[in-house]
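coords_7.pdb follows (PDB, C-alpha atoms):
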MODEL        1
ATOM      1  CA  MET X   1    -105.088  55.798 109.716
ATOM      2  CA  ASN X   2    -101.603  57.283 109.512
ATOM      3  CA  LYS X   3    -100.345  54.179 107.720
ATOM      4  CA  LEU X   4    -103.060  54.560 105.065
ATOM      5  CA  ARG X   5    -102.157  58.220 104.513
ATOM      6  CA  LYS X   6     -98.454  57.378 104.268
ATOM      7  CA  LEU X   7     -99.241  54.599 101.808
ATOM      8  CA  ALA X   8    -101.397  56.903  99.668
ATOM      9  CA  LEU X   9     -98.757  59.656  99.722
ATOM     10  CA  SER X  10     -95.926  57.282  98.857
ATOM     11  CA  ALA X  11     -97.944  55.740  96.014
ATOM     12  CA  GLY X  12     -98.754  59.195  94.655
ATOM     13  CA  ALA X  13     -95.125  60.284  94.955
ATOM     14  CA  SER X  14     -93.988  57.118  93.173
ATOM     15  CA  VAL X  15     -96.355  57.694  90.263
ATOM     16  CA  ALA X  16     -95.376  61.369  90.053
ATOM     17  CA  SER X  17     -91.659  60.582  90.072
ATOM     18  CA  MET X  18     -92.055  57.895  87.401
ATOM     19  CA  THR X  19     -94.047  60.291  85.234
ATOM     20  CA  ALA X  20     -91.569  63.129  85.715
ATOM     21  CA  ALA X  21     -88.567  60.879  85.083
ATOM     22  CA  ALA X  22     -89.852  59.657  81.721
ATOM     23  CA  THR X  23     -87.728  61.137  78.958
ATOM     24  CA  PRO X  24     -88.351  60.939  75.238
ATOM     25  CA  VAL X  25     -85.929  59.072  73.011
ATOM     26  CA  TRP X  26     -84.781  61.001  69.983
ATOM     27  CA  ALA X  27     -83.598  59.024  66.990
ATOM     28  CA  GLU X  28     -80.909  60.582  64.884
ATOM     29  CA  LYS X  29     -81.619  60.935  61.202
ATOM     30  CA  THR X  30     -78.932  61.857  58.754
ATOM     31  CA  VAL X  31     -79.897  64.256  56.010
ATOM     32  CA  ASP X  32     -77.968  64.695  52.799
ATOM     33  CA  VAL X  33     -77.931  68.492  52.471
ATOM     34  CA  THR X  34     -76.225  68.345  49.090
ATOM     35  CA  ARG X  35     -79.389  67.013  47.476
ATOM     36  CA  GLY X  36     -81.637  69.630  49.105
ATOM     37  CA  THR X  37     -83.924  67.178  50.898
ATOM     38  CA  ASP X  38     -86.100  68.511  53.681
ATOM     39  CA  VAL X  39     -86.283  67.017  57.137
ATOM     40  CA  ASN X  40     -89.574  65.202  57.577
ATOM     41  CA  PRO X  41     -90.593  64.991  61.250
ATOM     42  CA  GLY X  42     -93.146  62.302  60.451
ATOM     43  CA  GLU X  43     -96.636  61.926  61.837
ATOM     44  CA  GLY X  44     -96.589  61.773  65.573
ATOM     45  CA  PHE X  45     -98.551  62.707  68.623
ATOM     46  CA  ALA X  46     -96.906  66.088  69.210
ATOM     47  CA  THR X  47     -96.900  67.375  65.637
ATOM     48  CA  ASN X  48    -100.297  68.934  66.197
ATOM     49  CA  PHE X  49    -101.055  71.118  69.233
ATOM     50  CA  GLY X  50    -104.747  70.205  69.199
ATOM     51  CA  ASN X  51    -103.971  66.494  69.445
ATOM     52  CA  LEU X  52    -101.515  67.201  72.248
ATOM     53  CA  LEU X  53    -104.156  69.215  74.126
ATOM     54  CA  ASN X  54    -106.732  66.449  73.610
ATOM     55  CA  GLY X  55    -104.274  63.939  75.014
ATOM     56  CA  VAL X  56    -103.477  66.100  78.037
ATOM     57  CA  LEU X  57    -107.190  66.648  78.774
ATOM     58  CA  SER X  58    -107.874  62.919  78.493
ATOM     59  CA  PHE X  59    -104.938  62.172  80.796
ATOM     60  CA  VAL X  60    -106.166  64.694  83.370
ATOM     61  CA  MET X  61    -109.683  63.209  83.275
ATOM     62  CA  VAL X  62    -108.352  59.675  83.812
ATOM     63  CA  ILE X  63    -106.154  60.798  86.725
ATOM     64  CA  ALA X  64    -109.073  62.716  88.291
ATOM     65  CA  ALA X  65    -111.379  59.700  87.992
ATOM     66  CA  LEU X  66    -108.691  57.433  89.472
ATOM     67  CA  LEU X  67    -108.157  59.783  92.426
ATOM     68  CA  VAL X  68    -111.911  59.970  93.058
ATOM     69  CA  PHE X  69    -112.111  56.178  92.983
ATOM     70  CA  LEU X  70    -109.211  55.857  95.447
ATOM     71  CA  TYR X  71    -110.833  58.409  97.781
ATOM     72  CA  LEU X  72    -114.068  56.423  97.620
ATOM     73  CA  ILE X  73    -112.216  53.231  98.545
ATOM     74  CA  TRP X  74    -110.444  55.067 101.367
ATOM     75  CA  GLY X  75    -113.811  56.179 102.758
ATOM     76  CA  GLY X  76    -115.168  52.643 102.475
ATOM     77  CA  ILE X  77    -112.196  51.173 104.311
ATOM     78  CA  GLU X  78    -112.503  53.841 106.986
ATOM     79  CA  TRP X  79    -116.207  53.025 107.367
ATOM     80  CA  ILE X  80    -115.500  49.299 107.700
ATOM     81  CA  THR X  81    -112.744  49.843 110.271
ATOM     82  CA  SER X  82    -114.647  52.462 112.289
ATOM     83  CA  GLY X  83    -115.855  49.824 114.728
ATOM     84  CA  GLY X  84    -119.096  51.637 115.446
ATOM     85  CA  ASP X  85    -117.398  54.865 116.558
ATOM     86  CA  LYS X  86    -119.789  57.666 115.612
ATOM     87  CA  GLY X  87    -117.018  60.186 114.797
ATOM     88  CA  LYS X  88    -115.097  57.788 112.539
ATOM     89  CA  THR X  89    -118.289  56.686 110.797
ATOM     90  CA  GLU X  90    -119.240  60.300 110.145
ATOM     91  CA  SER X  91    -115.758  61.036 108.781
ATOM     92  CA  ALA X  92    -115.980  58.009 106.478
ATOM     93  CA  ARG X  93    -119.457  59.051 105.312
ATOM     94  CA  ASN X  94    -118.139  62.533 104.505
ATOM     95  CA  LYS X  95    -115.272  61.028 102.475
ATOM     96  CA  ILE X  96    -117.670  58.844 100.502
ATOM     97  CA  THR X  97    -120.020  61.779  99.893
ATOM     98  CA  SER X  98    -117.117  63.946  98.745
ATOM     99  CA  ALA X  99    -115.914  61.201  96.403
ATOM    100  CA  VAL X 100    -119.354  60.833  94.820
ATOM    101  CA  ILE X 101    -119.627  64.611  94.388
ATOM    102  CA  GLY X 102    -116.124  64.647  92.866
ATOM    103  CA  LEU X 103    -117.091  61.906  90.430
ATOM    104  CA  ILE X 104    -120.186  63.873  89.415
ATOM    105  CA  VAL X 105    -118.069  67.019  88.881
ATOM    106  CA  VAL X 106    -115.506  65.150  86.733
ATOM    107  CA  ALA X 107    -118.198  63.478  84.630
ATOM    108  CA  ALA X 108    -120.205  66.697  84.283
ATOM    109  CA  SER X 109    -117.172  68.740  83.215
ATOM    110  CA  TYR X 110    -116.340  66.220  80.499
ATOM    111  CA  ALA X 111    -119.979  66.033  79.382
ATOM    112  CA  ILE X 112    -120.357  69.835  79.304
ATOM    113  CA  LEU X 113    -117.174  70.248  77.252
ATOM    114  CA  THR X 114    -118.246  67.556  74.793
ATOM    115  CA  LEU X 115    -121.780  68.930  74.574
ATOM    116  CA  ALA X 116    -120.566  72.502  74.018
ATOM    117  CA  LEU X 117    -118.127  71.404  71.297
ATOM    118  CA  ASN X 118    -120.788  69.323  69.524
ATOM    119  CA  PHE X 119    -123.327  72.150  69.832
ATOM    120  CA  LEU X 120    -120.870  74.530  68.170
ATOM    121  CA  GLY X 121    -120.175  72.009  65.398
ATOM    122  CA  PHE X 122    -116.734  70.795  66.483
ATOM    123  CA  SER X 123    -115.763  67.196  67.055
ATOM    124  CA  ASP X 124    -112.939  67.901  69.512
ATOM    125  CA  ILE X 125    -110.505  70.573  70.729
ATOM    126  CA  ASN X 126    -108.356  70.052  67.630
ATOM    127  CA  ASP X 127    -111.180  71.357  65.446
ATOM    128  CA  VAL X 128    -111.553  74.430  67.663
ATOM    129  CA  LEU X 129    -107.882  75.337  67.534
ATOM    130  CA  ASN X 130    -107.514  74.440  63.839
ATOM    131  CA  ILE X 131    -103.739  74.720  64.000
ATOM    132  CA  ARG X 132    -101.740  73.472  61.040
ATOM    133  CA  THR X 133     -99.375  70.573  61.545
ATOM    134  CA  ILE X 134     -95.600  70.976  61.352
ATOM    135  CA  ASP X 135     -95.345  69.282  57.970
ATOM    136  CA  GLY X 136     -98.090  71.178  56.251
TER
ENDMDL
END

Before we go any further, please render this structure as structure tokens.
Amino acid sequence: MNKLRKLALSAGASVASMTAAATPVWAEKTVDVTRGTDVNPGEGFATNFGNLLNGVLSFVMVIAALLVFLYLIWGGIEWITSGGDKGKTESARNKITSAVIGLIVVAASYAILTLALNFLGFSDINDVLNIRTIDG
């Protein structure tokens, strides 16, 4: 049991450290200021706050679903290895029940957000915020 917790914590810490250690690469662009040309940042993911927010929400939903799935597997493994012990079986059943409830909450929150946006006539969060891009 302790080994499984240590494994889950170390895997989570590894993913968190890899995510936190990722740094963007900035390419240098020379601009001839004598001709009066403007700097064009180009079309990218972070030029629009709405797109950035959509991406963050999607990322959070994927991580939440992955964590729920891992918790469900953990409960299943605990159930299999309980060996008929009533206390361990009950603990595993509670983990599985919590994972299913968590999956329902994640799916319902995404469905409610999408339904509310469509009901109000928006296609996504970007339409709600309606923030202009950097280049225009």

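Atom pair atom CA of X:Ile125 / atom CA of X:Ala64: separated by 19.3 Å.
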
Nearest-residue call for X:Asp127, choices X:Ser58, X:Ser109, X:Asn51, X:Thr89, using all atoms listed in the file: X:Asn51

Do you know which residues the PyMOL selection byres ((chain X and resi 71) around 12) returns on this file, as a list in words? Leu4, Arg5, Ala8, Ala64, Ala65, Leu66, Leu67, Val68, Phe69, Leu70, Leu72, Ile73, Trp74, Gly75, Gly76, Ile77, Glu78, Ala92, Arg93, Asn94, Lys95, Ile96, Thr97, Ser98, Ala99, Val100, Ile101, Gly102 and Leu103 of chain X

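Atom to atom, atom CA of X:Leu57 and atom CA of X:Tyr110 stand 9.3 Å apart.
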
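Closest approach to X:Asp124 from the set X:Asn54, X:Ser82, X:Phe49, X:Ile112 is made by X:Asn54, with distances taken over only C-alpha atoms.
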
Taking every listed atom of stretch 108-117 of chain X and adding 4 Å to each side, what centre and edge lengths in Å (one decimal) does the axis-aligned box have, as AutoDock Vina command-line options?
--center_x -119.1 --center_y 69.3 --center_z 77.8 --size_x 13.4 --size_y 14.5 --size_z 21.0

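Our summary of the geometry notes that atom CA of X:Ile63 is positioned 15.4 Å from atom CA of X:Ala108.
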